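What follows is a short report on a single structure.
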Amino acid sequence: MFPNSILGRPPFTPNHQQHNFFALSPTLYSHQQLIDAQFNFQNAERLSDEKNLPLDGKRQRFHSPHQEPTIVNHIVPLSGERRYSMPPLFHTHYVPDIVRCVPPFREIPILEPREITLPEAKDKLSQQILELFEACQQQVSDLKKKELCRTQLQREIQLLFPQSRLFLVGSSLNGFGTRSSDGDLCLVVKEEPVNQKTEARHILTLVHKHFCTRLSGYIERPQLIRAKVPIVKFRDKVSCVEFDLNVNNIVGIRNTFLLRTYAYLENRVRPLVLVIKKWASHHDINDASRGTLSSYSLVLMVLHYLQTLPEPILPSIQKIYPESFSPAIQLHLVHQAPCNVPPYLSKNESNLGDLLLGFLKYYATEFDWNSQMISVREAKAIPRPDGIEWRNKYICVEEPFDGTNTARAVHEKQKFDIIKDQFLKSWHRLKNKRDLNSILPLRAAILQR
C-alpha cells in the first residue's frame, strides 16, 4: 500500500547498487561521530538556507509530482455479511522522488490483503462488541497519515544519520489499532543493541534539536523524555497524530509482525482485543506510565487466554512456524511472516460475548498471579522464572522474543489490587447484565474512537 511502509526503505536512484544494509558490519557510533553528525546537519542546514528553501516547502514533498498515487483497499460491506480487509503493506511499484545515498533493501514481494468475514453476532452483547469494533478500528486513511509522516521524518533524520531507518511499529501496524491510536516509531541506527542511557539518549538529543529548529513548521511540542528507554514525543500538525520515537528497540519491530499475524489469524481476535483495551482504558488500568498495564501486555493477555481455552481459538505460531518468527531473522525479512501463516480453523464456536465474559473470569478467578507467568510463546501459563527480573513482581507477562516482563510497570501492590478488583467486578456485572454498558459506556467509547 505504501512504498516505504514497514521497511523504512529510503528513496534511491534506479541505478544504485542494491544490497542489504543490515548485512553490513554494525558500527558503534562514538561521541565524536555524533558530534560530526551534528556538524554535518548544521552544514546541510546552511546550504539549504542558501538555496532559500522554505521549511513549509518540505511538507510539499508529500505531494511531489514524481510520487505515485497510493492505492488502498476500502472497507466495503458486502450483502448479507460484514467484511474487513487486512491492509496491504506494499504497493506494486515505487517511483523515487528524492535521491539519498543510502543502500536500499532487496526487492520485496507484494503482500496481498486477506479478506476476513466478521464473526456472527446473534446475541446483544456480541452485537455491541462488533458495533464498537466497526466504529473504532483504525482505518486505512489513519494508517496512511502516519506513514506519510514517517516517510518525511525518515528523510529529515537521514540528514543526521545517513544510514538510519525509521520504522512504524506498535498498534498502528499490528492490527490492533484504533482511530485514536498514537503512532510509535523506531529509529534503527544499527542492528545491534545500543546503550539506552548514553548512546540512545545522545542520538535522541540531536533528533529533538532537529525537530525544534528545522521542523517546527509542522511538528509541535517535541519533548525528550529521559526514561529508562528514552523517547522523543511530538505531535504532527498536519495529521494531528501524537508520536513516540525510540532508538533501536528492535524487538518492537519483531513483535509488531508477530501480533499482526495473530490479529488476522482468526476473525474474533481483533474485535475482542479492541473491546478489552477500551474497557481497561475506561477503568484506568491501561497506562504503564502510571503503574498499570500497557496495551501490549493487554494484547498478550488476550492472546494467552484464547490459547488456553479447552478448545483453543489460537495456537502458538512461534512453535508451528519457528523459521518465520526466529529472533535471528534479519529486519528486512520480518514483514514476510504474516504471509507465511494461513488462517487458523478452530473448533471453538464461542461468540464474542461469551469470550469477553470468559476473559474476565479467567483473570479474576482462574489464573494464579503468584506462581504463573503468561506465555504466548508457549501457548500456556508457565512457572515464573527465578531470575531477579521476576522476583517481587505482581504480574508476569513474557515478551515472546526477548523473554522480558512486559508488565514490569505494575510494581505497586495497590495498583495490582485495583487491576484484580476490576476484573472481578466487571465479570460479575457483565455476567448478570449481559450488556456491555454495564462495564463500558458504549456511546462514550465510540465517540472517543
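Starting from 1 in every chain, residues are counted up; chains themselves are A, B, ... following the order of the C-alpha cells, and ligands are numbered from 1 as listed.
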Name all residues at most 8 Å from range 322-325 of chain A (count only C-alpha atoms; drop same-chain ones fewer than 2 positions away) and give them as a tab-separated table (two decimals) with all heavy atoms, in the first residue's frame.
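As a result, selection_28.tsv now contains:
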chain	number	residue	atom	x	y	z
A	254	ARG	N	9.97	-6.69	15.67
A	254	ARG	CA	9.64	-8.11	15.53
A	254	ARG	C	8.26	-8.42	16.09
A	254	ARG	O	7.46	-9.13	15.46
A	254	ARG	CB	10.71	-8.96	16.24
A	254	ARG	CG	12.11	-8.79	15.65
A	254	ARG	CD	13.08	-9.77	16.25
A	254	ARG	NE	14.45	-9.50	15.80
A	254	ARG	CZ	14.94	-9.85	14.62
A	254	ARG	NH1	14.17	-10.48	13.77
A	254	ARG	NH2	16.19	-9.55	14.30
A	258	LEU	N	4.61	-10.21	14.69
A	258	LEU	CA	4.05	-11.37	15.38
A	258	LEU	C	2.59	-11.10	15.75
A	258	LEU	O	1.69	-11.91	15.47
A	258	LEU	CB	4.85	-11.68	16.64
A	258	LEU	CG	4.31	-12.82	17.51
A	258	LEU	CD1	4.44	-14.16	16.79
A	258	LEU	CD2	5.02	-12.87	18.87
A	317	ILE	N	1.98	-19.64	17.22
A	317	ILE	CA	2.53	-19.64	15.86
A	317	ILE	C	4.05	-19.65	15.88
A	317	ILE	O	4.68	-20.01	14.89
A	317	ILE	CB	2.00	-18.45	15.03
A	317	ILE	CG1	2.29	-17.12	15.71
A	317	ILE	CG2	0.52	-18.60	14.76
A	317	ILE	CD1	1.86	-15.93	14.90
A	318	GLN	N	4.66	-19.26	17.01
A	318	GLN	CA	6.12	-19.36	17.11
A	318	GLN	C	6.56	-20.83	17.17
A	318	GLN	O	7.67	-21.15	16.76
A	318	GLN	CB	6.62	-18.60	18.33
A	318	GLN	CG	6.59	-17.09	18.15
A	318	GLN	CD	6.95	-16.36	19.43
A	318	GLN	OE1	6.15	-16.31	20.36
A	318	GLN	NE2	8.13	-15.78	19.48
A	319	LYS	N	5.70	-21.69	17.70
A	319	LYS	CA	6.02	-23.12	17.73
A	319	LYS	C	5.75	-23.77	16.39
A	319	LYS	O	6.52	-24.63	15.93
A	319	LYS	CB	5.19	-23.82	18.81
A	319	LYS	CG	5.72	-23.65	20.22
A	319	LYS	CD	4.94	-24.54	21.17
A	319	LYS	CE	5.58	-24.58	22.54
A	319	LYS	NZ	4.85	-25.50	23.46
A	320	ILE	N	4.66	-23.37	15.76
A	320	ILE	CA	4.28	-24.00	14.49
A	320	ILE	C	5.16	-23.52	13.34
A	320	ILE	O	5.51	-24.28	12.44
A	320	ILE	CB	2.80	-23.72	14.17
A	320	ILE	CG1	1.90	-24.29	15.27
A	320	ILE	CG2	2.41	-24.31	12.82
A	320	ILE	CD1	0.43	-23.96	15.09
A	327	PRO	N	14.14	-15.01	16.29
A	327	PRO	CA	14.78	-13.72	16.63
A	327	PRO	C	16.02	-13.43	15.80
A	327	PRO	O	16.50	-12.30	15.79
A	327	PRO	CB	15.15	-13.90	18.11
A	327	PRO	CG	14.29	-15.01	18.61
A	327	PRO	CD	14.09	-15.92	17.44
A	329	ILE	N	16.14	-13.69	12.51
A	329	ILE	CA	15.79	-13.22	11.17
A	329	ILE	C	16.15	-11.75	11.02
A	329	ILE	O	15.88	-10.93	11.90
A	329	ILE	CB	14.28	-13.41	10.89
A	329	ILE	CG1	13.95	-14.90	10.81
A	329	ILE	CG2	13.86	-12.72	9.61
A	329	ILE	CD1	12.48	-15.18	10.57
A	334	VAL	N	11.40	-9.57	8.30
A	334	VAL	CA	10.38	-9.86	9.31
A	334	VAL	C	8.97	-9.58	8.80
A	334	VAL	O	8.00	-10.20	9.27
A	334	VAL	CB	10.63	-9.07	10.62
A	334	VAL	CG1	11.91	-9.50	11.27
A	334	VAL	CG2	10.63	-7.57	10.36
A	336	GLN	N	7.66	-10.48	6.17
A	336	GLN	CA	7.13	-11.58	5.37
A	336	GLN	C	6.37	-12.61	6.21
A	336	GLN	O	5.60	-13.41	5.68
A	336	GLN	CB	8.27	-12.28	4.63
A	336	GLN	CG	8.98	-11.39	3.63
A	336	GLN	CD	10.13	-12.10	2.93
A	336	GLN	OE1	10.46	-13.24	3.27
A	336	GLN	NE2	10.76	-11.44	1.99
A	337	ALA	N	6.58	-12.58	7.54
A	337	ALA	CA	6.00	-13.61	8.41
A	337	ALA	C	4.48	-13.73	8.27
A	337	ALA	O	3.96	-14.86	8.16
A	337	ALA	CB	6.39	-13.34	9.85
A	340	ASN	N	3.22	-16.03	5.53
A	340	ASN	CA	3.53	-17.46	5.58
A	340	ASN	C	2.57	-18.26	6.44
A	340	ASN	O	2.67	-19.48	6.52
A	340	ASN	CB	4.96	-17.67	6.10
A	340	ASN	CG	5.99	-16.98	5.22
A	340	ASN	OD1	5.81	-16.85	4.02
A	340	ASN	ND2	7.09	-16.55	5.83
List the neighbours of range 413-416 of chain A out to 9 Å using only C-alpha atoms; skip same-chain residues closer than 4 positions along the sequence, and give me the result as a PyMOL selection string. chain A and resi 285+290-292+394-395+420-421
Take the residues that were just selected and, keeping C-alpha atoms, output them as a compact mmCIF listing (two decimals), in the first residue's frame.
# COMPACT_ATOMS: atom_id res chain seq x y z
CA ILE A 285 -5.83 0.17 34.24
CA ARG A 290 1.00 5.17 35.92
CA GLY A 291 1.85 1.70 37.12
CA THR A 292 -0.86 -0.29 35.36
CA TYR A 394 2.83 -8.77 40.74
CA ILE A 395 2.11 -9.54 37.08
CA LYS A 420 -7.57 -7.64 40.02
CA ASP A 421 -10.59 -5.96 41.59
Between CA of Val376 in chain A and CA of Lys425 in chain A, what distance in Å does the model show, to one decimal? 25.8 Å
Report, in Å to a single decimal, how far apart CA of Gln196 in chain A and CA of Pro162 in chain A are.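 Separation of CA of Pro162 in chain A and CA of Gln196 in chain A: 20.3 Å.
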Would you mind listing what lies within 7 Å of range 345-362 of chain A as a PyMOL selection string, with only C-alpha atoms counted and same-chain residues fewer than 6 positions away left out? chain A and resi 125-126+268+272+305+311-313+423+427+430-431
Would you mind reading off the distance between CA of Cys136 in chain A and CA of Ile439 in chain A, one decimal, in Å? 17.4 Å
Would you return as a PyMOL selection string the members of range 182-394 of chain A that DSSP assigns to strand (DSSP E or B) on this structure's backbone? chain A and resi 183-188+219-225+231-236+242-247+372-375+380-383
Per DSSP on the backbone, filter range 127-230 of chain A down to the residues in alpha helix (DSSP H) and report them as a CSV table (one decimal) with N, CA and C atoms, in the first residue's frame.
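Wrote it out as out-v4.csv, contents follow:
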chain,number,residue,atom,x,y,z
A,127,GLN,N,-23.3,-8.3,19.6
A,127,GLN,CA,-23.6,-7.2,18.6
A,127,GLN,C,-23.0,-5.9,19.1
A,128,GLN,N,-23.0,-5.6,20.4
A,128,GLN,CA,-22.4,-4.4,20.9
A,128,GLN,C,-20.9,-4.4,20.7
A,129,ILE,N,-20.2,-5.5,20.9
A,129,ILE,CA,-18.8,-5.6,20.7
A,129,ILE,C,-18.4,-5.4,19.2
A,130,LEU,N,-19.2,-5.9,18.3
A,130,LEU,CA,-19.0,-5.7,16.9
A,130,LEU,C,-19.2,-4.2,16.5
A,131,GLU,N,-20.3,-3.6,17.1
A,131,GLU,CA,-20.6,-2.3,16.8
A,131,GLU,C,-19.4,-1.4,17.2
A,132,LEU,N,-18.9,-1.6,18.4
A,132,LEU,CA,-17.7,-0.9,18.9
A,132,LEU,C,-16.5,-1.1,18.0
A,133,PHE,N,-16.3,-2.3,17.6
A,133,PHE,CA,-15.1,-2.6,16.8
A,133,PHE,C,-15.2,-1.9,15.4
A,134,GLU,N,-16.4,-1.9,14.8
A,134,GLU,CA,-16.5,-1.3,13.4
A,134,GLU,C,-16.4,0.2,13.5
A,135,ALA,N,-16.8,0.8,14.6
A,135,ALA,CA,-16.8,2.2,14.7
A,135,ALA,C,-15.4,2.7,15.1
A,136,CYS,N,-14.6,1.9,15.8
A,136,CYS,CA,-13.3,2.4,16.4
A,136,CYS,C,-12.1,1.8,15.8
A,140,VAL,N,-7.8,2.7,7.0
A,140,VAL,CA,-6.7,2.8,6.0
A,140,VAL,C,-6.2,4.2,6.0
A,141,SER,N,-7.1,5.2,6.0
A,141,SER,CA,-6.8,6.6,6.0
A,141,SER,C,-6.0,7.0,7.2
A,142,ASP,N,-6.2,6.4,8.3
A,142,ASP,CA,-5.5,6.7,9.6
A,142,ASP,C,-4.0,6.2,9.4
A,143,LEU,N,-3.9,5.0,8.9
A,143,LEU,CA,-2.6,4.5,8.7
A,143,LEU,C,-1.8,5.3,7.7
A,144,LYS,N,-2.5,5.7,6.6
A,144,LYS,CA,-1.8,6.5,5.6
A,144,LYS,C,-1.2,7.8,6.1
A,145,LYS,N,-2.0,8.4,7.0
A,145,LYS,CA,-1.4,9.7,7.6
A,145,LYS,C,-0.1,9.4,8.4
A,146,LYS,N,-0.1,8.3,9.1
A,146,LYS,CA,1.1,8.0,9.9
A,146,LYS,C,2.2,7.6,9.0
A,147,GLU,N,1.9,6.9,8.0
A,147,GLU,CA,3.0,6.5,7.0
A,147,GLU,C,3.6,7.7,6.3
A,148,LEU,N,2.8,8.7,5.9
A,148,LEU,CA,3.3,9.9,5.3
A,148,LEU,C,4.2,10.6,6.2
A,149,CYS,N,3.9,10.7,7.5
A,149,CYS,CA,4.7,11.4,8.4
A,149,CYS,C,6.0,10.6,8.6
A,150,ARG,N,5.9,9.3,8.7
A,150,ARG,CA,7.1,8.5,8.9
A,150,ARG,C,8.1,8.7,7.7
A,151,THR,N,7.6,8.7,6.5
A,151,THR,CA,8.4,8.9,5.3
A,151,THR,C,9.1,10.2,5.3
A,152,GLN,N,8.4,11.3,5.7
A,152,GLN,CA,9.1,12.6,5.7
A,152,GLN,C,10.1,12.7,6.8
A,153,LEU,N,9.8,12.1,8.0
A,153,LEU,CA,10.7,12.2,9.1
A,153,LEU,C,12.0,11.4,8.8
A,154,GLN,N,11.8,10.3,8.1
A,154,GLN,CA,13.0,9.5,7.8
A,154,GLN,C,14.0,10.3,6.9
A,155,ARG,N,13.4,11.0,6.0
A,155,ARG,CA,14.3,11.8,5.1
A,155,ARG,C,15.0,12.9,5.9
A,156,GLU,N,14.3,13.5,6.9
A,156,GLU,CA,14.9,14.5,7.7
A,156,GLU,C,16.0,13.9,8.7
A,157,ILE,N,15.7,12.8,9.3
A,157,ILE,CA,16.6,12.2,10.2
A,157,ILE,C,17.9,11.7,9.5
A,171,SER,N,0.7,-0.6,17.7
A,171,SER,CA,-0.7,-0.8,17.3
A,171,SER,C,-1.1,-0.2,16.0
A,172,SER,N,-0.3,0.8,15.5
A,172,SER,CA,-0.7,1.3,14.2
A,172,SER,C,-0.5,0.3,13.1
A,173,LEU,N,0.4,-0.7,13.3
A,173,LEU,CA,0.7,-1.6,12.3
A,173,LEU,C,0.4,-3.1,12.7
A,174,ASN,N,0.1,-3.4,13.9
A,174,ASN,CA,0.0,-4.8,14.3
A,174,ASN,C,-1.4,-5.3,14.2
A,201,ARG,N,20.2,8.1,24.2
A,201,ARG,CA,19.8,9.5,24.7
A,201,ARG,C,20.5,10.6,23.9
A,202,HIS,N,21.8,10.3,23.6
A,202,HIS,CA,22.5,11.3,22.8
A,202,HIS,C,22.0,11.4,21.4
A,203,ILE,N,21.6,10.3,20.8
A,203,ILE,CA,21.0,10.3,19.4
A,203,ILE,C,19.7,11.1,19.4
A,204,LEU,N,18.9,10.8,20.4
A,204,LEU,CA,17.6,11.5,20.5
A,204,LEU,C,17.7,13.0,20.9
A,205,THR,N,18.8,13.3,21.5
A,205,THR,CA,19.0,14.7,21.8
A,205,THR,C,19.2,15.5,20.5
A,206,LEU,N,20.0,14.9,19.6
A,206,LEU,CA,20.2,15.5,18.3
A,206,LEU,C,18.9,15.5,17.4
A,207,VAL,N,18.2,14.4,17.5
A,207,VAL,CA,16.9,14.4,16.8
A,207,VAL,C,15.9,15.4,17.3
A,208,HIS,N,15.9,15.6,18.7
A,208,HIS,CA,15.0,16.6,19.3
A,208,HIS,C,15.4,18.0,18.9
A,209,LYS,N,16.7,18.3,18.8
A,209,LYS,CA,17.1,19.6,18.4
A,209,LYS,C,16.7,19.8,17.0
A,210,HIS,N,16.9,18.8,16.1
A,210,HIS,CA,16.5,18.9,14.7
A,210,HIS,C,15.0,19.2,14.6
A,211,PHE,N,14.2,18.6,15.4
A,211,PHE,CA,12.8,18.8,15.3
A,211,PHE,C,12.4,20.2,15.7
A,212,CYS,N,13.1,20.7,16.8
A,212,CYS,CA,12.8,22.1,17.3
A,212,CYS,C,13.3,23.2,16.4
A,213,THR,N,14.4,23.0,15.7
A,213,THR,CA,14.9,24.0,14.9
A,213,THR,C,14.5,24.0,13.4
A,214,ARG,N,14.5,22.8,12.8
A,214,ARG,CA,14.3,22.7,11.4
A,214,ARG,C,12.8,22.4,11.1
Let me make sure I understand: among A:Leu424, A:Thr261, A:Ser316, A:Ala200, which one has the smallest atom-to-atom distance to Ala227 in chain A if we use only C-alpha atoms?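 With only C-alpha atoms as the atom set, the closest residue is A:Ala200.
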